[in-house]
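Undergrad: Handing you this structure, nothing more for now.
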Amino acid sequence: MKPTDMVLTRQGLRFCGRLWPCSIGKGAVRRDKREGDGATPAGEHRIVGMLYRPDRIARPADWAVPIGPSDLWSDDVGHEDYNQMVRAPYPYSHEKLRRADPLYDIVILTDWNWPYAEKGRGSAIFLHQRRRAGYPTEGCVAFRRDHLRQIARLIRYETRLIVPEGLATD
């Protein structure tokens with residue numbers, strides 16, 4: 001592991017000399033992640049992008065990309081755009097990136113099952129804001145709003161999210 005890595009532990013995410021409380025998937029950590037299992041996948045995941053809501057917050061990092069009103073994320077396993085950012089109108093199953101709640105005001109993208117998605121392995125794993133303390137995600141890693149903003153500023157080109165296999169329940 002490198003000093004720039006984010007490492008998930010049972011107590012939270014270790015990054016930049018701090019332990020950041022976080023929530024993970026309701027399906028816990030799994031080595032064999034599958035679509036819809038709600039699990040956070042074990043492994044080494046590169047950080048490949050950052051999105052943010054420019055109508056709500058200032059750019060969190062100079063390389064962050066604004067989320068527009070028509071930005072979506074395809075979660076349709078039967079479509080070629082599966083696990084990719086797409087634009088409305090989009091007739092296939094998708095998730096809105098510009099949400100009414102603040103969960104996606106900052107979205108840090110990992111390379112889980114991306115850029116060439118394998119059907120059935122599960123859609124994107126994001127780092128985003130949590131709903132509330134202790135509330136699990138659908139597989140993403142979620143943080144307090146102020147912590148997510150700090151983490152976004154600290155990420156570097158070589159930063160990876162490490163989810164140790166020792167945390168897996170399968």
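We name chains A, B, ... following the order of the structure tokens; residues begin at 1 in each chain, and ligands are numbered from 1 as shown.
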What are the nearest atom pairs, with distances in Å to one decimal, for all residues of region 4-83 of chain A that come at most 7 Å from region 97-120 of chain A, using only C-alpha atoms, set out by chain and rising residue number as a tab-separated table?
TA:
residue	atom	partner	partner_atom	distance
A:Arg34	CA	A:Gly120	CA	5.6
A:Glu35	CA	A:Gly120	CA	5.0
A:His45	CA	A:Asp111	CA	5.7
A:Arg46	CA	A:Thr110	CA	5.5
A:Ile47	CA	A:Thr110	CA	4.5
A:Val48	CA	A:Thr110	CA	5.4
A:Gly49	CA	A:Leu109	CA	4.9
A:Met50	CA	A:Ile108	CA	4.4
A:Leu51	CA	A:Val107	CA	5.0
A:Tyr52	CA	A:Ile106	CA	4.4
A:Arg53	CA	A:Asp105	CA	4.9
A:Ile67	CA	A:Arg98	CA	6.4
A:Gly68	CA	A:Arg98	CA	6.9
A:Pro69	CA	A:Arg98	CA	6.0
A:Asp71	CA	A:Leu97	CA	5.8
A:Leu72	CA	A:Leu97	CA	5.2
A:Trp73	CA	A:Leu97	CA	6.6
A:Val77	CA	A:Lys119	CA	5.7
A:Tyr82	CA	A:Ala117	CA	6.7
A:Asn83	CA	A:Ala117	CA	6.3
Undergrad: Keeping only C-alpha atoms, take the residues you just selected and write them out as a PDB file, in the first residue's frame.
TA:
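As a result, selection34.pdb now contains:
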ATOM      1  CA  ARG A  34     -23.030  -9.305  -7.934  1.00  0.00           C
ATOM      2  CA  GLU A  35     -25.673  -6.960  -9.320  1.00  0.00           C
ATOM      3  CA  HIS A  45     -10.156   0.430  -6.908  1.00  0.00           C
ATOM      4  CA  ARG A  46      -8.598   3.404  -8.688  1.00  0.00           C
ATOM      5  CA  ILE A  47     -10.196   6.814  -8.347  1.00  0.00           C
ATOM      6  CA  VAL A  48     -11.123   7.755 -11.917  1.00  0.00           C
ATOM      7  CA  GLY A  49     -13.174  10.913 -11.559  1.00  0.00           C
ATOM      8  CA  MET A  50     -15.077  13.363  -9.437  1.00  0.00           C
ATOM      9  CA  LEU A  51     -18.441  14.982 -10.110  1.00  0.00           C
ATOM     10  CA  TYR A  52     -20.094  17.816  -8.202  1.00  0.00           C
ATOM     11  CA  ARG A  53     -23.243  19.968  -8.117  1.00  0.00           C
ATOM     12  CA  ILE A  67     -23.129  17.487 -12.837  1.00  0.00           C
ATOM     13  CA  GLY A  68     -25.658  18.904 -15.276  1.00  0.00           C
ATOM     14  CA  PRO A  69     -29.456  18.642 -15.137  1.00  0.00           C
ATOM     15  CA  ASP A  71     -26.647  13.747 -16.347  1.00  0.00           C
ATOM     16  CA  LEU A  72     -27.579  10.158 -15.493  1.00  0.00           C
ATOM     17  CA  TRP A  73     -25.814   6.870 -14.685  1.00  0.00           C
ATOM     18  CA  VAL A  77     -27.498  -4.516 -17.348  1.00  0.00           C
ATOM     19  CA  TYR A  82     -24.402  -0.136 -18.516  1.00  0.00           C
ATOM     20  CA  ASN A  83     -22.291   1.443 -15.758  1.00  0.00           C
TER      21      ASN A  83
END
Undergrad: Neighbouring residues of Pro136 (chain A) were defined as those with any atom within 7 Å, considering only C-alpha atoms; residues of the same chain fewer than 5 positions away were excluded. Please report them as a list in words.
TA: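 Once the adjacent positions are removed, what remains is Ser23, Ile24, Gly25 and Lys26 of chain A.
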Undergrad: Between A:Arg121, A:Gly166, A:Phe126, A:Val86, which residue has the minimum interatomic distance to Asp32 (chain A), considering only C-alpha atoms?
TA: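 Using only C-alpha atoms, the shortest distance to Asp32 (chain A) belongs to A:Arg121.
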Undergrad: For Pro54 (chain A), which of A:Pro89, A:Gly139, A:Gly134, A:Pro66 is the closest residue, counting only C-alpha atoms?
TA: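 For Pro54 (chain A), the nearest of the given residues is A:Pro66.
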Undergrad: Which is closer to Arg131 (chain A) than all the others in A:Glu158, A:Cys22, A:Gly36, A:Thr9, using only C-alpha atoms?
TA: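 Looking only at the distances to Arg131 (chain A), the closest residue turns out to be A:Cys22.
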Undergrad: Do you know which residues are at most 12 Å from Pro3 (chain A) counting only C-alpha atoms, after dropping those on the same chain fewer than 4 positions away, and could you put them as a PyMOL selection string?
TA: chain A and resi 7+14-18+154-156+158-162
Undergrad: Could you please take those selected residues and save C-alpha atoms as a compact mmCIF listing (two decimals), in the first residue's frame?
TA:
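Ended up saving to out35.txt:
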# COMPACT_ATOMS: atom_id res chain seq x y z
CA VAL A 7 -7.93 1.83 3.16
CA ARG A 14 -7.92 5.28 6.84
CA PHE A 15 -6.65 8.12 4.63
CA CYS A 16 -4.06 10.89 5.01
CA GLY A 17 -3.29 10.03 8.63
CA ARG A 18 -6.93 10.08 9.74
CA LEU A 154 -6.93 15.39 -0.45
CA ILE A 155 -7.29 12.90 -3.32
CA ARG A 156 -4.38 12.75 -5.75
CA GLU A 158 -2.52 7.95 -7.64
CA THR A 159 -5.13 7.58 -4.86
CA ARG A 160 -6.81 4.19 -4.67
CA LEU A 161 -9.64 2.83 -2.55
CA ILE A 162 -8.42 -0.39 -0.94
Undergrad: For Leu8 (chain A), which of A:Val163, A:Val141, A:Ala168, A:Ala58 is the closest residue, counting only C-alpha atoms?
TA: A:Val163
Undergrad: Please, what distance in Å, to one decimal, runs between CA of Gln11 (chain A) and CA of Ile57 (chain A)?
TA: 28.7 Å
Undergrad: DSSP on the backbone, alpha helix (DSSP H) only: what residues of chain A does that give? Format it as a list in words.
TA: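 Filtering chain A to alpha helix (DSSP H) leaves Arg145, Asp146, His147, Leu148, Arg149, Gln150, Ile151, Ala152, Arg153 and Leu154 of chain A.
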Undergrad: Where does DSSP see strand (DSSP E or B) in region 3-167 of chain A, if you list the residues as a ChimeraX atom specification?
TA: /A:6-9,12-15,18-20,23,25,29-30,40-41,43-52,65-66,71-74,85-87,94-96,106-110,126-129,137,141-143,160-163
Undergrad: Could you check the closest approach to Leu127 (chain A) for each of A:Arg31, A:Thr40, A:Leu167, A:Glu80 and tell me which residue wins, using only C-alpha atoms?
TA: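 Smallest distance to Leu127 (chain A) is found for A:Thr40.
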Undergrad: Please compute the CA of Arg30 (chain A)-CA of Gly122 (chain A) distance, one decimal, in Å.
TA: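 Pair CA of Arg30 (chain A) / CA of Gly122 (chain A) returns 11.7 Å.
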Undergrad: Of the residues A:Lys96, A:Lys33, A:Lys2, A:Arg130, which is the one nearest to Glu165 (chain A), using only C-alpha atoms?
TA: A:Lys33
